[in-house]
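So this block is input21.pdb, PDB, C-alpha atoms and all ligand atoms:
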ATOM      1  CA  MET A  47      45.230  87.313  11.477  1.00  0.00           C
ATOM      2  CA  GLU A  48      47.994  86.906   8.909  1.00  0.00           C
ATOM      3  CA  LYS A  49      49.365  83.382   8.516  1.00  0.00           C
ATOM      4  CA  LEU A  50      53.136  83.060   8.906  1.00  0.00           C
ATOM      5  CA  ILE A  51      55.023  80.664   6.614  1.00  0.00           C
ATOM      6  CA  VAL A  52      58.638  79.968   7.579  1.00  0.00           C
ATOM      7  CA  GLY A  53      61.109  77.973   5.482  1.00  0.00           C
ATOM      8  CA  ASN A  54      63.696  76.062   7.507  1.00  0.00           C
ATOM      9  CA  TRP A  55      66.562  75.288   5.147  1.00  0.00           C
ATOM     10  CA  LYS A  56      68.387  73.306   7.865  1.00  0.00           C
ATOM     11  CA  MET A  57      71.860  72.213   6.694  1.00  0.00           C
ATOM     12  CA  SER A  58      70.409  71.097   3.370  1.00  0.00           C
ATOM     13  CA  LEU A  59      71.668  73.895   1.125  1.00  0.00           C
ATOM     14  CA  GLY A  60      75.255  74.976   0.523  1.00  0.00           C
ATOM     15  CA  TYR A  61      76.292  78.612   0.354  1.00  0.00           C
ATOM     16  CA  GLN A  62      75.808  79.128  -3.385  1.00  0.00           C
ATOM     17  CA  ALA A  63      72.544  77.170  -3.436  1.00  0.00           C
ATOM     18  CA  SER A  64      71.234  79.337  -0.578  1.00  0.00           C
ATOM     19  CA  LEU A  65      72.015  82.541  -2.460  1.00  0.00           C
ATOM     20  CA  ALA A  66      70.466  81.160  -5.650  1.00  0.00           C
ATOM     21  CA  LEU A  67      67.233  80.267  -3.821  1.00  0.00           C
ATOM     22  CA  ALA A  68      67.172  83.691  -2.154  1.00  0.00           C
ATOM     23  CA  GLN A  69      67.502  85.324  -5.589  1.00  0.00           C
ATOM     24  CA  GLU A  70      64.459  83.363  -6.773  1.00  0.00           C
ATOM     25  CA  LEU A  71      62.457  84.246  -3.649  1.00  0.00           C
ATOM     26  CA  LYS A  72      63.251  87.935  -4.021  1.00  0.00           C
ATOM     27  CA  GLU A  73      60.433  88.249  -6.541  1.00  0.00           C
ATOM     28  CA  LEU A  74      57.955  86.098  -4.600  1.00  0.00           C
ATOM     29  CA  SER A  75      54.517  87.632  -4.603  1.00  0.00           C
ATOM     30  CA  VAL A  76      52.732  86.989  -1.374  1.00  0.00           C
ATOM     31  CA  LYS A  77      48.987  87.045  -0.630  1.00  0.00           C
ATOM     32  CA  ALA A  78      47.805  89.988   1.464  1.00  0.00           C
ATOM     33  CA  ASP A  79      47.139  87.859   4.554  1.00  0.00           C
ATOM     34  CA  ARG A  80      50.505  86.090   4.624  1.00  0.00           C
ATOM     35  CA  GLN A  81      53.901  86.769   6.208  1.00  0.00           C
ATOM     36  CA  VAL A  82      56.945  84.871   5.004  1.00  0.00           C
ATOM     37  CA  ALA A  83      60.440  84.157   6.283  1.00  0.00           C
ATOM     38  CA  VAL A  84      63.322  81.813   5.479  1.00  0.00           C
ATOM     39  CA  CYS A  85      66.007  80.526   7.836  1.00  0.00           C
ATOM     40  CA  PRO A  86      69.265  79.761   5.987  1.00  0.00           C
ATOM     41  CA  SER A  87      72.367  78.189   7.487  1.00  0.00           C
ATOM     42  CA  PRO A  88      74.557  80.623   9.478  1.00  0.00           C
ATOM     43  CA  LEU A  89      77.182  80.991   6.778  1.00  0.00           C
ATOM     44  CA  ALA A  90      74.624  82.198   4.212  1.00  0.00           C
ATOM     45  CA  MET A  91      72.456  84.266   6.537  1.00  0.00           C
ATOM     46  CA  ALA A  92      73.974  87.720   6.061  1.00  0.00           C
ATOM     47  CA  GLN A  93      74.068  87.462   2.293  1.00  0.00           C
ATOM     48  CA  VAL A  94      70.542  86.035   2.082  1.00  0.00           C
ATOM     49  CA  ALA A  95      69.265  88.856   4.314  1.00  0.00           C
ATOM     50  CA  GLU A  96      70.875  91.370   1.988  1.00  0.00           C
ATOM     51  CA  ILE A  97      69.353  89.784  -1.120  1.00  0.00           C
ATOM     52  CA  LEU A  98      65.893  89.686   0.493  1.00  0.00           C
ATOM     53  CA  ALA A  99      66.124  93.109   2.159  1.00  0.00           C
ATOM     54  CA  THR A 100      63.547  94.789  -0.089  1.00  0.00           C
ATOM     55  CA  SER A 101      61.440  91.673  -0.730  1.00  0.00           C
ATOM     56  CA  ALA A 102      58.339  90.238   0.975  1.00  0.00           C
ATOM     57  CA  VAL A 103      60.509  87.569   2.612  1.00  0.00           C
ATOM     58  CA  ALA A 104      62.154  88.136   6.010  1.00  0.00           C
ATOM     59  CA  THR A 105      65.280  86.322   7.158  1.00  0.00           C
ATOM     60  CA  GLY A 106      65.695  84.290  10.315  1.00  0.00           C
ATOM     61  CA  ALA A 107      68.226  82.024  11.981  1.00  0.00           C
ATOM     62  CA  GLN A 108      67.977  78.343  12.862  1.00  0.00           C
ATOM     63  CA  ASN A 109      69.617  78.825  16.244  1.00  0.00           C
ATOM     64  CA  VAL A 110      71.375  81.441  18.353  1.00  0.00           C
ATOM     65  CA  ALA A 111      73.473  81.449  21.517  1.00  0.00           C
ATOM     66  CA  ALA A 112      71.982  82.785  24.751  1.00  0.00           C
ATOM     67  CA  ALA A 113      75.344  84.079  25.991  1.00  0.00           C
ATOM     68  CA  LEU A 114      76.594  87.596  25.481  1.00  0.00           C
ATOM     69  CA  PRO A 115      79.213  88.082  22.751  1.00  0.00           C
ATOM     70  CA  GLY A 116      82.517  86.679  23.970  1.00  0.00           C
ATOM     71  CA  ALA A 117      84.490  83.489  24.222  1.00  0.00           C
ATOM     72  CA  LEU A 118      82.156  80.766  22.912  1.00  0.00           C
ATOM     73  CA  THR A 119      83.784  79.032  19.980  1.00  0.00           C
ATOM     74  CA  GLY A 120      81.519  78.081  17.115  1.00  0.00           C
ATOM     75  CA  GLU A 121      78.366  79.846  18.301  1.00  0.00           C
ATOM     76  CA  THR A 122      76.431  82.735  16.737  1.00  0.00           C
ATOM     77  CA  SER A 123      75.565  85.745  18.885  1.00  0.00           C
ATOM     78  CA  LEU A 124      72.184  87.386  19.047  1.00  0.00           C
ATOM     79  CA  GLU A 125      73.846  90.761  18.491  1.00  0.00           C
ATOM     80  CA  SER A 126      75.307  89.621  15.172  1.00  0.00           C
ATOM     81  CA  LEU A 127      71.905  88.285  14.132  1.00  0.00           C
ATOM     82  CA  VAL A 128      70.377  91.703  14.861  1.00  0.00           C
ATOM     83  CA  GLU A 129      73.175  93.368  12.915  1.00  0.00           C
ATOM     84  CA  ILE A 130      72.458  91.458   9.700  1.00  0.00           C
ATOM     85  CA  GLY A 131      68.731  92.241   9.908  1.00  0.00           C
ATOM     86  CA  GLY A 132      67.407  88.933  11.243  1.00  0.00           C
ATOM     87  CA  HIS A 133      63.696  88.963  12.133  1.00  0.00           C
ATOM     88  CA  TYR A 134      63.156  85.471  13.516  1.00  0.00           C
ATOM     89  CA  VAL A 135      65.074  82.703  15.224  1.00  0.00           C
ATOM     90  CA  ILE A 136      64.068  79.047  15.502  1.00  0.00           C
ATOM     91  CA  LEU A 137      64.779  77.695  19.002  1.00  0.00           C
ATOM     92  CA  GLY A 138      64.705  74.136  20.316  1.00  0.00           C
ATOM     93  CA  HIS A 139      64.174  72.388  16.991  1.00  0.00           C
ATOM     94  CA  SER A 140      63.809  68.645  17.650  1.00  0.00           C
ATOM     95  CA  GLU A 141      66.967  67.931  15.638  1.00  0.00           C
ATOM     96  CA  ARG A 142      68.973  70.176  17.982  1.00  0.00           C
ATOM     97  CA  ARG A 143      67.294  68.612  21.013  1.00  0.00           C
ATOM     98  CA  GLN A 144      67.974  65.089  19.726  1.00  0.00           C
ATOM     99  CA  TYR A 145      71.445  65.374  18.179  1.00  0.00           C
ATOM    100  CA  LEU A 146      72.950  68.420  19.882  1.00  0.00           C
ATOM    101  CA  ALA A 147      71.754  67.857  23.432  1.00  0.00           C
ATOM    102  CA  GLU A 148      69.655  70.992  23.604  1.00  0.00           C
ATOM    103  CA  THR A 149      67.582  70.755  26.784  1.00  0.00           C
ATOM    104  CA  ASP A 150      64.377  72.511  27.844  1.00  0.00           C
ATOM    105  CA  SER A 151      66.430  74.745  30.085  1.00  0.00           C
ATOM    106  CA  ILE A 152      68.789  75.758  27.260  1.00  0.00           C
ATOM    107  CA  VAL A 153      65.770  76.536  25.076  1.00  0.00           C
ATOM    108  CA  HIS A 154      64.344  78.678  27.878  1.00  0.00           C
ATOM    109  CA  ASP A 155      67.586  80.633  28.286  1.00  0.00           C
ATOM    110  CA  LYS A 156      67.797  81.270  24.559  1.00  0.00           C
ATOM    111  CA  ALA A 157      64.178  82.442  24.416  1.00  0.00           C
ATOM    112  CA  GLN A 158      64.771  84.756  27.359  1.00  0.00           C
ATOM    113  CA  ALA A 159      67.913  86.202  25.773  1.00  0.00           C
ATOM    114  CA  VAL A 160      66.117  86.832  22.470  1.00  0.00           C
ATOM    115  CA  LEU A 161      63.166  88.526  24.169  1.00  0.00           C
ATOM    116  CA  GLU A 162      65.327  90.573  26.535  1.00  0.00           C
ATOM    117  CA  ARG A 163      68.098  91.706  24.244  1.00  0.00           C
ATOM    118  CA  SER A 164      66.481  92.051  20.802  1.00  0.00           C
ATOM    119  CA  GLN A 165      63.317  92.695  18.842  1.00  0.00           C
ATOM    120  CA  ILE A 166      63.707  89.354  17.083  1.00  0.00           C
ATOM    121  CA  THR A 167      60.755  86.949  17.218  1.00  0.00           C
ATOM    122  CA  PRO A 168      61.578  83.535  18.720  1.00  0.00           C
ATOM    123  CA  ILE A 169      59.969  80.482  17.124  1.00  0.00           C
ATOM    124  CA  ILE A 170      60.040  77.858  19.876  1.00  0.00           C
ATOM    125  CA  CYS A 171      59.645  74.272  18.651  1.00  0.00           C
ATOM    126  CA  VAL A 172      57.852  71.581  20.615  1.00  0.00           C
ATOM    127  CA  GLY A 173      56.550  68.148  19.651  1.00  0.00           C
ATOM    128  CA  GLU A 174      56.384  64.518  20.664  1.00  0.00           C
ATOM    129  CA  ASP A 175      57.936  61.400  19.135  1.00  0.00           C
ATOM    130  CA  LEU A 176      55.931  58.441  17.883  1.00  0.00           C
ATOM    131  CA  ALA A 177      56.168  56.329  21.035  1.00  0.00           C
ATOM    132  CA  THR A 178      54.960  59.266  23.127  1.00  0.00           C
ATOM    133  CA  ARG A 179      51.946  59.753  20.863  1.00  0.00           C
ATOM    134  CA  GLN A 180      51.152  56.059  20.736  1.00  0.00           C
ATOM    135  CA  THR A 181      51.119  55.811  24.516  1.00  0.00           C
ATOM    136  CA  GLY A 182      48.768  58.781  24.821  1.00  0.00           C
ATOM    137  CA  GLN A 183      51.399  61.058  26.356  1.00  0.00           C
ATOM    138  CA  ALA A 184      51.657  63.646  23.566  1.00  0.00           C
ATOM    139  CA  GLU A 185      49.834  66.461  25.383  1.00  0.00           C
ATOM    140  CA  ALA A 186      51.705  65.932  28.640  1.00  0.00           C
ATOM    141  CA  TRP A 187      55.014  65.970  26.773  1.00  0.00           C
ATOM    142  CA  VAL A 188      54.237  69.159  24.870  1.00  0.00           C
ATOM    143  CA  GLU A 189      52.939  70.814  28.043  1.00  0.00           C
ATOM    144  CA  LYS A 190      56.212  70.004  29.834  1.00  0.00           C
ATOM    145  CA  GLN A 191      58.227  71.495  26.964  1.00  0.00           C
ATOM    146  CA  LEU A 192      56.090  74.645  26.884  1.00  0.00           C
ATOM    147  CA  ARG A 193      56.134  75.240  30.637  1.00  0.00           C
ATOM    148  CA  ALA A 194      59.905  74.840  30.728  1.00  0.00           C
ATOM    149  CA  ALA A 195      60.617  77.022  27.696  1.00  0.00           C
ATOM    150  CA  LEU A 196      58.242  79.798  28.716  1.00  0.00           C
ATOM    151  CA  ALA A 197      58.747  79.887  32.495  1.00  0.00           C
ATOM    152  CA  ASN A 198      58.581  83.495  33.687  1.00  0.00           C
ATOM    153  CA  LEU A 199      58.626  84.898  30.170  1.00  0.00           C
ATOM    154  CA  ALA A 200      55.000  86.068  29.958  1.00  0.00           C
ATOM    155  CA  GLN A 201      55.798  89.756  30.391  1.00  0.00           C
ATOM    156  CA  LEU A 202      58.745  89.724  28.038  1.00  0.00           C
ATOM    157  CA  ALA A 203      56.895  87.768  25.347  1.00  0.00           C
ATOM    158  CA  GLY A 204      54.416  90.558  24.609  1.00  0.00           C
ATOM    159  CA  GLN A 205      53.103  90.144  21.087  1.00  0.00           C
ATOM    160  CA  ARG A 206      56.209  88.474  19.738  1.00  0.00           C
ATOM    161  CA  LEU A 207      56.028  84.813  20.607  1.00  0.00           C
ATOM    162  CA  VAL A 208      55.695  82.043  18.014  1.00  0.00           C
ATOM    163  CA  ILE A 209      55.373  78.358  18.924  1.00  0.00           C
ATOM    164  CA  ALA A 210      55.927  75.674  16.281  1.00  0.00           C
ATOM    165  CA  TYR A 211      54.216  72.356  16.935  1.00  0.00           C
ATOM    166  CA  GLU A 212      56.337  69.794  15.128  1.00  0.00           C
ATOM    167  CA  PRO A 213      55.495  66.162  15.890  1.00  0.00           C
ATOM    168  CA  ILE A 214      58.829  64.376  15.459  1.00  0.00           C
ATOM    169  CA  TRP A 215      57.190  61.427  13.683  1.00  0.00           C
ATOM    170  CA  ALA A 216      56.071  63.812  10.919  1.00  0.00           C
ATOM    171  CA  ILE A 217      59.383  65.626  10.351  1.00  0.00           C
ATOM    172  CA  GLY A 218      61.010  64.676   7.072  1.00  0.00           C
ATOM    173  CA  THR A 219      59.021  61.436   6.957  1.00  0.00           C
ATOM    174  CA  GLY A 220      56.358  62.403   4.444  1.00  0.00           C
ATOM    175  CA  GLU A 221      53.838  61.487   7.114  1.00  0.00           C
ATOM    176  CA  THR A 222      51.817  64.546   8.069  1.00  0.00           C
ATOM    177  CA  SER A 223      49.610  65.002  11.040  1.00  0.00           C
ATOM    178  CA  THR A 224      46.025  65.322   9.819  1.00  0.00           C
ATOM    179  CA  PRO A 225      44.680  68.874  10.008  1.00  0.00           C
ATOM    180  CA  GLU A 226      42.283  67.723  12.746  1.00  0.00           C
ATOM    181  CA  GLN A 227      45.060  66.091  14.797  1.00  0.00           C
ATOM    182  CA  ALA A 228      47.207  69.218  14.493  1.00  0.00           C
ATOM    183  CA  GLU A 229      44.267  71.503  15.282  1.00  0.00           C
ATOM    184  CA  ALA A 230      43.539  69.570  18.492  1.00  0.00           C
ATOM    185  CA  MET A 231      47.145  69.964  19.663  1.00  0.00           C
ATOM    186  CA  HIS A 232      47.196  73.632  18.660  1.00  0.00           C
ATOM    187  CA  GLN A 233      44.070  74.257  20.754  1.00  0.00           C
ATOM    188  CA  PHE A 234      45.777  72.546  23.656  1.00  0.00           C
ATOM    189  CA  ILE A 235      48.949  74.624  23.185  1.00  0.00           C
ATOM    190  CA  ARG A 236      46.928  77.839  23.071  1.00  0.00           C
ATOM    191  CA  GLN A 237      45.316  76.898  26.359  1.00  0.00           C
ATOM    192  CA  ILE A 238      48.663  76.231  28.053  1.00  0.00           C
ATOM    193  CA  VAL A 239      50.200  79.415  26.717  1.00  0.00           C
ATOM    194  CA  SER A 240      47.214  81.383  27.961  1.00  0.00           C
ATOM    195  CA  ASP A 241      47.461  79.669  31.389  1.00  0.00           C
ATOM    196  CA  LEU A 242      51.024  80.950  31.488  1.00  0.00           C
ATOM    197  CA  GLY A 243      49.707  84.496  31.093  1.00  0.00           C
ATOM    198  CA  ILE A 244      50.672  84.978  27.447  1.00  0.00           C
ATOM    199  CA  ALA A 245      47.734  86.546  25.669  1.00  0.00           C
ATOM    200  CA  HIS A 246      49.089  86.640  22.151  1.00  0.00           C
ATOM    201  CA  CYS A 247      50.974  83.824  20.465  1.00  0.00           C
ATOM    202  CA  ARG A 248      51.081  82.446  16.945  1.00  0.00           C
ATOM    203  CA  ILE A 249      51.182  78.659  16.635  1.00  0.00           C
ATOM    204  CA  LEU A 250      52.726  77.137  13.506  1.00  0.00           C
ATOM    205  CA  TYR A 251      52.483  73.531  12.391  1.00  0.00           C
ATOM    206  CA  GLY A 252      55.602  71.752  11.072  1.00  0.00           C
ATOM    207  CA  GLY A 253      56.228  68.221   9.827  1.00  0.00           C
ATOM    208  CA  SER A 254      56.020  67.308   6.136  1.00  0.00           C
ATOM    209  CA  ALA A 255      54.019  70.423   5.258  1.00  0.00           C
ATOM    210  CA  LYS A 256      53.876  70.571   1.464  1.00  0.00           C
ATOM    211  CA  PRO A 257      51.881  72.104  -1.404  1.00  0.00           C
ATOM    212  CA  GLU A 258      49.360  69.231  -1.269  1.00  0.00           C
ATOM    213  CA  ASN A 259      48.398  69.678   2.387  1.00  0.00           C
ATOM    214  CA  ALA A 260      49.161  73.346   3.100  1.00  0.00           C
ATOM    215  CA  ALA A 261      45.678  74.722   2.360  1.00  0.00           C
ATOM    216  CA  SER A 262      43.863  72.193   4.554  1.00  0.00           C
ATOM    217  CA  LEU A 263      46.278  72.763   7.444  1.00  0.00           C
ATOM    218  CA  LEU A 264      46.035  76.557   7.108  1.00  0.00           C
ATOM    219  CA  ALA A 265      42.228  76.358   7.053  1.00  0.00           C
ATOM    220  CA  MET A 266      42.231  75.272  10.714  1.00  0.00           C
ATOM    221  CA  PRO A 267      41.361  78.130  13.071  1.00  0.00           C
ATOM    222  CA  ASN A 268      44.245  77.486  15.480  1.00  0.00           C
ATOM    223  CA  ILE A 269      46.921  76.857  12.847  1.00  0.00           C
ATOM    224  CA  ASP A 270      48.487  80.284  12.385  1.00  0.00           C
ATOM    225  CA  GLY A 271      51.084  79.218   9.837  1.00  0.00           C
ATOM    226  CA  LEU A 272      53.607  76.566   8.852  1.00  0.00           C
ATOM    227  CA  LEU A 273      57.259  75.749   9.505  1.00  0.00           C
ATOM    228  CA  VAL A 274      58.416  74.037   6.335  1.00  0.00           C
ATOM    229  CA  GLY A 275      61.594  71.976   5.900  1.00  0.00           C
ATOM    230  CA  GLY A 276      62.024  69.867   2.765  1.00  0.00           C
ATOM    231  CA  ALA A 277      59.320  71.615   0.740  1.00  0.00           C
ATOM    232  CA  SER A 278      60.935  75.023   1.314  1.00  0.00           C
ATOM    233  CA  LEU A 279      64.058  74.075  -0.633  1.00  0.00           C
ATOM    234  CA  THR A 280      62.724  74.999  -4.064  1.00  0.00           C
ATOM    235  CA  ALA A 281      61.128  78.335  -4.891  1.00  0.00           C
ATOM    236  CA  ALA A 282      58.271  76.661  -6.763  1.00  0.00           C
ATOM    237  CA  SER A 283      57.057  74.450  -3.930  1.00  0.00           C
ATOM    238  CA  PHE A 284      57.648  77.100  -1.262  1.00  0.00           C
ATOM    239  CA  ALA A 285      55.671  79.634  -3.317  1.00  0.00           C
ATOM    240  CA  GLN A 286      52.752  77.216  -3.574  1.00  0.00           C
ATOM    241  CA  ILE A 287      52.740  76.716   0.183  1.00  0.00           C
ATOM    242  CA  VAL A 288      53.040  80.433   0.900  1.00  0.00           C
ATOM    243  CA  ASN A 289      50.017  81.215  -1.240  1.00  0.00           C
ATOM    244  CA  ALA A 290      48.003  78.049  -0.525  1.00  0.00           C
TER     245      ALA A 290
HETATM  246  P1  LIG B   1      59.927  68.877   7.082  1.00  0.00           P
HETATM  247  O1  LIG B   1      60.701  69.623   8.272  1.00  0.00           O
HETATM  248  O2  LIG B   1      58.973  69.883   6.488  1.00  0.00           O
HETATM  249  O3  LIG B   1      61.004  68.477   6.103  1.00  0.00           O
HETATM  250  O4  LIG B   1      59.206  67.721   7.668  1.00  0.00           O
HETATM  251  C1  LIG B   1      60.033  70.521   9.119  1.00  0.00           C
HETATM  252  C2  LIG B   1      60.963  71.007  10.200  1.00  0.00           C
HETATM  253  O5  LIG B   1      61.734  70.202  10.734  1.00  0.00           O
HETATM  254  O6  LIG B   1      60.967  72.211  10.533  1.00  0.00           O
END
For this file, write the structure as structure tokens.
Ligand code: PGA
Amino acid sequence: MEKLIVGNWKMSLGYQASLALAQELKELSVKADRQVAVCPSPLAMAQVAEILATSAVATGAQNVAAALPGALTGETSLESLVEIGGHYVILGHSERRQYLAETDSIVHDKAQAVLERSQITPIICVGEDLATRQTGQAEAWVEKQLRAALANLAQLAGQRLVIAYEPIWAIGTGETSTPEQAEAMHQFIRQIVSDLGIAHCRILYGGSAKPENAASLLAMPNIDGLLVGGASLTAASFAQIVNA
């Protein structure tokens, strides 16, 4: 199966910097067994999608509203994401859960909206914090997040679902889960997803993925790709990860 590498630019790049990086990525040559996407900030999304329209790199969003277009100040509708040619949307990133009060039930409603009302692929993020891992609760925590996010979505999910396992203690810290640690959690996630009746699901690893560790992570049988934050912000390091 092709490995999927997704760059999450978060709020790190301004408008002009986003367009400049998209221009560089336009020429990115991508190995035959790889798929690539970047998720710019909302303000830059339409322009980045236009720049990358004929390239090997798809465009995604970092978030979307579940509600239908209407009175919801400050949010981005799914319909507008479809209109600009978005292919992916990250849902339930730990930063949104932690700082923007996004709950399991909100993540579920967003996933349902995306699957019901568009052809966009949702990338649902799960992952435990350090205390949860240290007390041996990591699997139980991730299972709770998965069961809540995916409740009753098996039929809708079809072939489109992506889960990103992002241990919070590894995000932006430089500390990466070892490939073996990540592989064990990915196996566990695959089991839960299959218990929920979802036959096909890609599972990405995220958390300080970088050129130095990308190949060993991608070599694991249950790691179907990477969600990359900091190391996706320059074309050179992102290109190395994409083709690792
Ligand atoms: P990081 O972020 O690669 O900078 O750790 C990953 C993410 O939060 O998606």
Could you expand the PyMOL selection byres (((not hetatm)) within 8 of (chain B and resi 1)) into the explicit residues it covers here, written as a short mmCIF file (atom, residue, chain, number, x, y, z; two decimals) with C-alpha atoms, in the coordinates of the input?
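Okay, result-v1.cif is ready:
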data_model
loop_
_atom_site.label_atom_id
_atom_site.label_comp_id
_atom_site.auth_asym_id
_atom_site.auth_seq_id
_atom_site.Cartn_x
_atom_site.Cartn_y
_atom_site.Cartn_z
CA GLY A 53 61.11 77.97 5.48
CA ASN A 54 63.70 76.06 7.51
CA LYS A 56 68.39 73.31 7.86
CA HIS A 139 64.17 72.39 16.99
CA SER A 140 63.81 68.64 17.65
CA GLU A 141 66.97 67.93 15.64
CA GLU A 212 56.34 69.79 15.13
CA ALA A 216 56.07 63.81 10.92
CA ILE A 217 59.38 65.63 10.35
CA GLY A 218 61.01 64.68 7.07
CA THR A 219 59.02 61.44 6.96
CA GLY A 220 56.36 62.40 4.44
CA GLY A 252 55.60 71.75 11.07
CA GLY A 253 56.23 68.22 9.83
CA SER A 254 56.02 67.31 6.14
CA ALA A 255 54.02 70.42 5.26
CA LYS A 256 53.88 70.57 1.46
CA LEU A 273 57.26 75.75 9.51
CA VAL A 274 58.42 74.04 6.34
CA GLY A 275 61.59 71.98 5.90
CA GLY A 276 62.02 69.87 2.76
CA ALA A 277 59.32 71.61 0.74
CA SER A 278 60.94 75.02 1.31
#
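On the file presented, the PyMOL selection byres (((chain A and resi 65) around 10) and not hetatm) picks out Leu59, Gly60, Tyr61, Gln62, Ala63, Ser64, Ala66, Leu67, Ala68, Gln69, Glu70, Leu71, Pro86, Ala90, Met91, Gln93, Val94, Ala95, Glu96, Ile97 and Leu98 of chain A.
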Taking C-alpha atoms for each residue, export the selection above as a PDB file, in the frame of the given file.
ATOM      1  CA  LEU A  59      71.668  73.895   1.125  1.00  0.00           C
ATOM      2  CA  GLY A  60      75.255  74.976   0.523  1.00  0.00           C
ATOM      3  CA  TYR A  61      76.292  78.612   0.354  1.00  0.00           C
ATOM      4  CA  GLN A  62      75.808  79.128  -3.385  1.00  0.00           C
ATOM      5  CA  ALA A  63      72.544  77.170  -3.436  1.00  0.00           C
ATOM      6  CA  SER A  64      71.234  79.337  -0.578  1.00  0.00           C
ATOM      7  CA  ALA A  66      70.466  81.160  -5.650  1.00  0.00           C
ATOM      8  CA  LEU A  67      67.233  80.267  -3.821  1.00  0.00           C
ATOM      9  CA  ALA A  68      67.172  83.691  -2.154  1.00  0.00           C
ATOM     10  CA  GLN A  69      67.502  85.324  -5.589  1.00  0.00           C
ATOM     11  CA  GLU A  70      64.459  83.363  -6.773  1.00  0.00           C
ATOM     12  CA  LEU A  71      62.457  84.246  -3.649  1.00  0.00           C
ATOM     13  CA  PRO A  86      69.265  79.761   5.987  1.00  0.00           C
ATOM     14  CA  ALA A  90      74.624  82.198   4.212  1.00  0.00           C
ATOM     15  CA  MET A  91      72.456  84.266   6.537  1.00  0.00           C
ATOM     16  CA  GLN A  93      74.068  87.462   2.293  1.00  0.00           C
ATOM     17  CA  VAL A  94      70.542  86.035   2.082  1.00  0.00           C
ATOM     18  CA  ALA A  95      69.265  88.856   4.314  1.00  0.00           C
ATOM     19  CA  GLU A  96      70.875  91.370   1.988  1.00  0.00           C
ATOM     20  CA  ILE A  97      69.353  89.784  -1.120  1.00  0.00           C
ATOM     21  CA  LEU A  98      65.893  89.686   0.493  1.00  0.00           C
TER      22      LEU A  98
END
One-decimal distance in Å that lies between CA of Ala104 (chain A) and CA of Asp270 (chain A):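 Separating CA of Asp270 (chain A) from CA of Ala104 (chain A) is a distance of 17.0 Å.
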Once the PyMOL selection byres (((chain A and resi 173) around 10) and not hetatm) has been evaluated on this model, what residues remain selected, and can you format them as a CSV table (one decimal) with C-alpha atoms, in the frame of the given file?
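Saved file result_35.csv follows:
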chain,number,residue,atom,x,y,z
A,139,HIS,CA,64.2,72.4,17.0
A,140,SER,CA,63.8,68.6,17.6
A,171,CYS,CA,59.6,74.3,18.7
A,172,VAL,CA,57.9,71.6,20.6
A,174,GLU,CA,56.4,64.5,20.7
A,175,ASP,CA,57.9,61.4,19.1
A,176,LEU,CA,55.9,58.4,17.9
A,178,THR,CA,55.0,59.3,23.1
A,179,ARG,CA,51.9,59.8,20.9
A,184,ALA,CA,51.7,63.6,23.6
A,185,GLU,CA,49.8,66.5,25.4
A,187,TRP,CA,55.0,66.0,26.8
A,188,VAL,CA,54.2,69.2,24.9
A,189,GLU,CA,52.9,70.8,28.0
A,191,GLN,CA,58.2,71.5,27.0
A,192,LEU,CA,56.1,74.6,26.9
A,210,ALA,CA,55.9,75.7,16.3
A,211,TYR,CA,54.2,72.4,16.9
A,212,GLU,CA,56.3,69.8,15.1
A,213,PRO,CA,55.5,66.2,15.9
A,214,ILE,CA,58.8,64.4,15.5
A,215,TRP,CA,57.2,61.4,13.7
A,216,ALA,CA,56.1,63.8,10.9
A,231,MET,CA,47.1,70.0,19.7
A,251,TYR,CA,52.5,73.5,12.4
A,252,GLY,CA,55.6,71.8,11.1
A,253,GLY,CA,56.2,68.2,9.8
I'd like the contact shell of Pro168 (chain A) - 12 Å cut-off, only C-alpha atoms, skipping same-chain residues fewer than 5 positions apart - returned as JSON, numbers by chain. {"A": [106, 107, 108, 109, 110, 124, 132, 133, 134, 135, 136, 137, 138, 139, 153, 154, 155, 156, 157, 158, 159, 160, 161, 162, 163, 195, 196, 199, 202, 203, 204, 205, 206, 207, 208, 209, 210, 247, 248, 249]}
Just the selected residues (C-alpha atoms), exported as a short mmCIF file (atom, residue, chain, number, x, y, z; two decimals), keeping the file's coordinate frame, please.
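Ended up saving to result28.cif:
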data_model
loop_
_atom_site.label_atom_id
_atom_site.label_comp_id
_atom_site.auth_asym_id
_atom_site.auth_seq_id
_atom_site.Cartn_x
_atom_site.Cartn_y
_atom_site.Cartn_z
CA GLY A 106 65.69 84.29 10.32
CA ALA A 107 68.23 82.02 11.98
CA GLN A 108 67.98 78.34 12.86
CA ASN A 109 69.62 78.82 16.24
CA VAL A 110 71.38 81.44 18.35
CA LEU A 124 72.18 87.39 19.05
CA GLY A 132 67.41 88.93 11.24
CA HIS A 133 63.70 88.96 12.13
CA TYR A 134 63.16 85.47 13.52
CA VAL A 135 65.07 82.70 15.22
CA ILE A 136 64.07 79.05 15.50
CA LEU A 137 64.78 77.69 19.00
CA GLY A 138 64.70 74.14 20.32
CA HIS A 139 64.17 72.39 16.99
CA VAL A 153 65.77 76.54 25.08
CA HIS A 154 64.34 78.68 27.88
CA ASP A 155 67.59 80.63 28.29
CA LYS A 156 67.80 81.27 24.56
CA ALA A 157 64.18 82.44 24.42
CA GLN A 158 64.77 84.76 27.36
CA ALA A 159 67.91 86.20 25.77
CA VAL A 160 66.12 86.83 22.47
CA LEU A 161 63.17 88.53 24.17
CA GLU A 162 65.33 90.57 26.54
CA ARG A 163 68.10 91.71 24.24
CA ALA A 195 60.62 77.02 27.70
CA LEU A 196 58.24 79.80 28.72
CA LEU A 199 58.63 84.90 30.17
CA LEU A 202 58.74 89.72 28.04
CA ALA A 203 56.90 87.77 25.35
CA GLY A 204 54.42 90.56 24.61
CA GLN A 205 53.10 90.14 21.09
CA ARG A 206 56.21 88.47 19.74
CA LEU A 207 56.03 84.81 20.61
CA VAL A 208 55.70 82.04 18.01
CA ILE A 209 55.37 78.36 18.92
CA ALA A 210 55.93 75.67 16.28
CA CYS A 247 50.97 83.82 20.46
CA ARG A 248 51.08 82.45 16.94
CA ILE A 249 51.18 78.66 16.64
#
